[in-house]
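Peer 1: For reference, this is input39.tsv, and it has TSV, C-alpha atoms.
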```tsv
chain	number	residue	atom	x	y	z
A	1	MET	CA	82.71	127.21	94.80
A	2	THR	CA	84.29	124.06	93.36
A	3	THR	CA	81.97	121.47	91.83
A	4	LEU	CA	82.77	117.98	93.09
A	5	SER	CA	82.18	114.81	91.13
A	6	GLN	CA	82.04	111.12	92.06
A	7	PHE	CA	82.78	108.07	89.94
A	8	LEU	CA	82.29	104.37	90.71
A	9	TYR	CA	83.26	101.60	88.32
A	10	LEU	CA	83.84	97.86	88.11
A	11	SER	CA	86.49	96.25	85.91
A	12	GLN	CA	88.35	93.01	85.27
A	13	VAL	CA	92.12	92.98	85.96
A	14	ARG	CA	94.13	91.85	82.93
A	15	GLY	CA	97.17	89.62	82.85
A	16	ASP	CA	98.47	86.66	84.76
A	17	LYS	CA	99.63	88.60	87.85
A	18	PRO	CA	96.56	90.43	89.18
A	19	PHE	CA	97.94	90.87	92.71
A	20	GLU	CA	101.12	92.54	91.44
A	21	THR	CA	99.07	94.69	89.09
A	22	ILE	CA	96.82	95.90	91.90
A	23	ALA	CA	99.79	96.67	94.17
A	24	GLU	CA	101.18	98.82	91.34
A	25	VAL	CA	97.81	100.51	90.75
A	26	VAL	CA	97.32	101.33	94.45
A	27	ALA	CA	100.81	102.78	94.85
A	28	GLU	CA	100.51	104.86	91.67
A	29	ALA	CA	96.98	106.04	92.49
A	30	ARG	CA	97.94	107.14	96.00
A	31	ARG	CA	100.74	109.27	94.58
A	32	LEU	CA	98.69	110.77	91.73
A	33	ASN	CA	95.60	111.28	93.86
A	34	ALA	CA	97.62	113.31	96.34
A	35	GLU	CA	98.86	115.54	93.49
A	36	GLN	CA	95.38	115.99	92.00
A	37	SER	CA	93.27	116.21	95.19
A	38	ILE	CA	91.40	112.99	94.37
A	39	THR	CA	90.17	110.81	97.22
A	40	GLY	CA	88.55	107.39	97.20
A	41	VAL	CA	88.57	103.66	97.83
A	42	LEU	CA	89.52	100.60	95.77
A	43	VAL	CA	88.13	97.10	96.48
A	44	PHE	CA	89.81	94.06	94.87
A	45	ASP	CA	88.55	90.46	94.93
A	46	GLY	CA	91.49	88.75	93.23
A	47	ALA	CA	90.13	89.26	89.72
A	48	GLN	CA	87.95	92.37	89.65
A	49	VAL	CA	88.27	95.92	90.93
A	50	CYS	CA	85.52	98.21	92.14
A	51	GLN	CA	86.78	101.74	92.70
A	52	TYR	CA	85.13	104.92	93.93
A	53	VAL	CA	86.85	108.29	93.42
A	54	GLU	CA	85.81	111.86	94.16
A	55	GLY	CA	87.28	115.25	93.42
A	56	GLU	CA	86.90	118.35	91.27
A	57	ALA	CA	84.65	117.59	88.31
A	58	GLY	CA	87.24	118.30	85.60
A	59	THR	CA	89.89	116.26	87.39
A	60	ILE	CA	87.54	113.29	87.79
A	61	ASP	CA	86.47	113.51	84.15
A	62	ALA	CA	90.14	113.36	83.08
A	63	LEU	CA	90.72	110.39	85.39
A	64	VAL	CA	87.71	108.59	83.90
A	65	GLU	CA	89.20	108.96	80.42
A	66	ARG	CA	92.57	107.59	81.61
A	67	LEU	CA	90.84	104.64	83.30
A	68	ARG	CA	88.93	103.78	80.14
A	69	VAL	CA	92.17	103.23	78.19
A	70	ASP	CA	94.35	101.81	81.00
A	71	PRO	CA	95.69	98.47	79.65
A	72	ARG	CA	95.84	96.93	83.12
A	73	HIS	CA	92.12	96.27	83.11
A	74	GLU	CA	89.22	95.60	80.75
A	75	GLN	CA	85.42	95.46	80.74
A	76	VAL	CA	85.14	98.79	82.54
A	77	GLN	CA	81.55	99.10	83.69
A	78	VAL	CA	80.44	102.54	84.92
A	79	LEU	CA	78.21	102.11	87.96
A	80	HIS	CA	77.83	105.78	88.88
A	81	HIS	CA	79.22	109.08	87.58
A	82	ALA	CA	77.57	112.23	88.88
A	83	PRO	CA	78.06	115.45	90.81
A	84	LEU	CA	78.81	114.88	94.48
A	85	PRO	CA	76.35	116.85	96.57
A	86	GLY	CA	77.81	118.12	99.81
A	87	GLU	CA	81.16	117.13	101.23
A	88	ARG	CA	83.60	114.42	100.14
A	89	ARG	CA	82.99	111.02	101.67
A	90	PHE	CA	86.72	110.25	101.98
A	91	ALA	CA	88.40	113.63	102.39
A	92	ARG	CA	91.40	112.19	104.26
A	93	TRP	CA	92.04	109.15	102.02
A	94	ARG	CA	94.23	109.38	98.95
A	95	LEU	CA	93.07	105.83	98.26
A	96	GLY	CA	91.70	103.38	100.81
A	97	TYR	CA	92.25	99.74	99.82
A	98	LEU	CA	90.29	96.58	100.61
A	99	MET	CA	91.20	93.07	99.49
A	100	LEU	CA	88.24	90.71	99.68
A	101	ASP	CA	89.79	87.49	100.90
A	102	ASP	CA	86.84	85.90	102.66
A	103	GLY	CA	85.19	84.24	99.67
A	104	ARG	CA	83.20	87.30	98.64
A	105	ASP	CA	83.60	88.70	95.16
A	106	LEU	CA	82.49	91.78	93.28
A	107	THR	CA	80.04	90.09	90.90
A	108	ARG	CA	77.12	91.41	92.98
A	109	PHE	CA	77.90	94.89	91.62
A	110	ASP	CA	77.21	93.84	88.01
A	111	ALA	CA	73.51	94.66	88.22
A	112	LEU	CA	73.80	97.80	90.35
A	113	VAL	CA	73.88	101.38	89.12
A	114	GLY	CA	73.60	104.86	90.56
A	115	GLU	CA	72.90	105.36	94.23
A	116	ASP	CA	72.23	101.62	94.74
A	117	ALA	CA	75.78	100.89	93.58
A	118	ILE	CA	77.19	103.58	95.89
A	119	ALA	CA	75.22	102.26	98.89
A	120	SER	CA	76.35	98.67	98.29
A	121	PHE	CA	79.94	99.80	97.82
A	122	LEU	CA	79.90	101.80	101.07
A	123	GLU	CA	78.79	98.68	102.97
A	124	GLN	CA	82.24	97.19	102.28
A	125	LEU	CA	84.17	99.96	104.00
A	126	PRO	CA	84.53	98.78	107.60
A	127	LEU	CA	87.42	96.56	106.42
A	128	VAL	CA	89.36	99.13	104.37
A	129	ASP	CA	93.12	99.72	104.71
A	130	LEU	CA	93.03	103.37	105.66
A	131	GLU	CA	96.47	104.40	104.43
A	132	PRO	CA	95.88	108.03	103.46
```
What does this structure look like when you write it as C-alpha cells?
Peer 2:
Amino acid sequence: MTTLSQFLYLSQVRGDKPFETIAEVVAEARRLNAEQSITGVLVFDGAQVCQYVEGEAGTIDALVERLRVDPRHEQVQVLHHAPLPGERRFARWRLGYLMLDDGRDLTRFDALVGEDAIASFLEQLPLVDLEP
C-alpha cells in the first residue's frame, strides 16, 4: 500500500509582478502535478500563497525540497507536513486555485500549525476554481 503525505505552507511571492508569477506557478503546477500524481489547492491573496498538496510520500518530499529553493517566493513557512491518513482530500484536482479578492489575506495563517492550519485552510475551499 502506498503511503500518502500532505504538505501545507505559506510563502511571500517575490518580484514586482505577483499576479503573473502566480499564473505561471498554477499552470506549471497543474502540468507537473498530473505527471506526478500530486493533488492540492493553492490560495493567493495578491502577495502571499498558501498551498496544500498531497501525494505519495517520496514525491511530496521531493516537491517540498523544490519549493524551498524556488526563486519565485521567499519566507516559506511550513504549516503542516505529515502522513495523510485515509484517502486524498482532493483526488480529482491537479491544483485547485483561489484568489482572495474580497479584502481577506493570508496573514491569519502565520500563527497556525498542524491540524489547526489544515482546518483553517479547508474553510477557504467553497470558492476554489476547480479546474482539475
Peer 1: Would you mind telling me which residue in A:Phe109, A:Phe90, A:Phe44, A:Phe7 lies nearest to Val26 of chain A when using only C-alpha atoms?
Peer 2: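 Looking at the shortest contact to Val26 of chain A, the residue is A:Phe44.
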Peer 1: Calculate how many Å separate atom CA of Arg92 of chain A from atom CA of Gly40 of chain A, rounding to one decimal.
Peer 2: 9.0 Å
Peer 1: Nearest to Ala47 of chain A among A:Pro71, A:Gly114, A:Gly15, A:Gly96, with distances taken over all atoms listed in the file: which residue is it?
Peer 2: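 Counting all atoms listed in the file, the residue closest to Ala47 of chain A is A:Gly15.
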Peer 1: Do you have the atom CA of Phe19 of chain A-atom CA of Leu106 of chain A distance handy?
Peer 2: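 Calculated distance between atom CA of Phe19 of chain A and atom CA of Leu106 of chain A is 15.5 Å.
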Peer 1: For atom CA of Ile38 of chain A and atom CA of Asp16 of chain A, determine how far apart the two atoms are, in Å to one decimal place.
Peer 2: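 Here the two named atoms are 28.9 Å from each other.
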Peer 1: Go through A:Asp101, A:Val113, A:Leu95, A:Gln51 one by one, measure the shortest atom-to-atom distance of each to Glu28 of chain A using only C-alpha atoms, and give the residue with the smallest value.
Peer 2: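 Of A:Asp101, A:Val113, A:Leu95, A:Gln51, the one nearest Glu28 of chain A, counting only C-alpha atoms, is A:Leu95.
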Peer 1: Considering all atoms listed in the file, can you say which of A:His73, A:Arg30, A:Arg68, A:His80 comes closest to Trp93 of chain A?
Peer 2: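 Distance minimum relative to Trp93 of chain A lands on A:Arg30.
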Peer 1: In terms of the shortest atom-to-atom distance over only C-alpha atoms, which of A:Glu115, A:Asp110, A:Asp70, A:Glu87 is closest to Thr21 of chain A?
Peer 2: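 Of A:Glu115, A:Asp110, A:Asp70, A:Glu87, the one nearest Thr21 of chain A, counting only C-alpha atoms, is A:Asp70.
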Peer 1: Considering all atoms listed in the file, state which residue in the set A:Ala29, A:Ala91, A:Ala119, A:Ala82 is at the smallest distance from Leu63 of chain A.
Peer 2: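 Once distances to Leu63 of chain A are computed over all atoms listed in the file, the minimum belongs to A:Ala29.
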Peer 1: List as a PyMOL selection string the residues having at least one atom at most 10 Å from position (85.3, 105.8, 83.6) as given in the file, counting only C-alpha atoms.
Peer 2: chain A and resi 7-11+60-69+76-81
Peer 1: Residues near Arg72 of chain A, anyone? I mean within 9 Å using all atoms listed in the file, not counting same-chain ones fewer than 6 positions away, as a list in words.
Peer 2: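 Contacts, with the query itself left out: Gln12, Val13, Arg14, Gly15, Pro18, Thr21, Ile22 and Val25 of chain A.
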Peer 1: Complete segment 19-30 of chain A at the level of N, CA, C and O atoms, written as a compact mmCIF listing (two decimals), keeping the file's coordinate frame.
Peer 2:
```
# COMPACT_ATOMS: atom_id res chain seq x y z
N PHE A 19 97.57 90.30 91.42
CA PHE A 19 97.94 90.87 92.71
C PHE A 19 99.07 91.89 92.56
O PHE A 19 99.07 92.94 93.19
N GLU A 20 100.04 91.59 91.70
CA GLU A 20 101.12 92.54 91.44
C GLU A 20 100.59 93.77 90.72
O GLU A 20 101.01 94.90 91.02
N THR A 21 99.67 93.57 89.81
CA THR A 21 99.07 94.69 89.09
C THR A 21 98.35 95.62 90.05
O THR A 21 98.51 96.85 89.99
N ILE A 22 97.57 95.06 90.97
CA ILE A 22 96.82 95.90 91.90
C ILE A 22 97.75 96.63 92.86
O ILE A 22 97.52 97.80 93.18
N ALA A 23 98.82 95.98 93.31
CA ALA A 23 99.79 96.67 94.17
C ALA A 23 100.37 97.88 93.44
O ALA A 23 100.51 98.96 94.02
N GLU A 24 100.66 97.72 92.16
CA GLU A 24 101.18 98.82 91.34
C GLU A 24 100.14 99.92 91.19
O GLU A 24 100.44 101.12 91.33
N VAL A 25 98.90 99.53 90.92
CA VAL A 25 97.81 100.51 90.75
C VAL A 25 97.60 101.32 92.03
O VAL A 25 97.48 102.54 91.99
N VAL A 26 97.56 100.64 93.17
CA VAL A 26 97.32 101.33 94.45
C VAL A 26 98.44 102.32 94.74
O VAL A 26 98.18 103.47 95.10
N ALA A 27 99.68 101.89 94.58
CA ALA A 27 100.81 102.78 94.85
C ALA A 27 100.79 104.00 93.92
O ALA A 27 100.97 105.15 94.36
N GLU A 28 100.55 103.76 92.64
CA GLU A 28 100.51 104.86 91.67
C GLU A 28 99.33 105.79 91.95
O GLU A 28 99.47 107.02 91.91
N ALA A 29 98.17 105.22 92.24
CA ALA A 29 96.98 106.04 92.49
C ALA A 29 97.14 106.88 93.75
O ALA A 29 96.75 108.06 93.75
N ARG A 30 97.75 106.35 94.79
CA ARG A 30 97.94 107.14 96.00
C ARG A 30 98.83 108.35 95.73
O ARG A 30 98.57 109.44 96.22
```
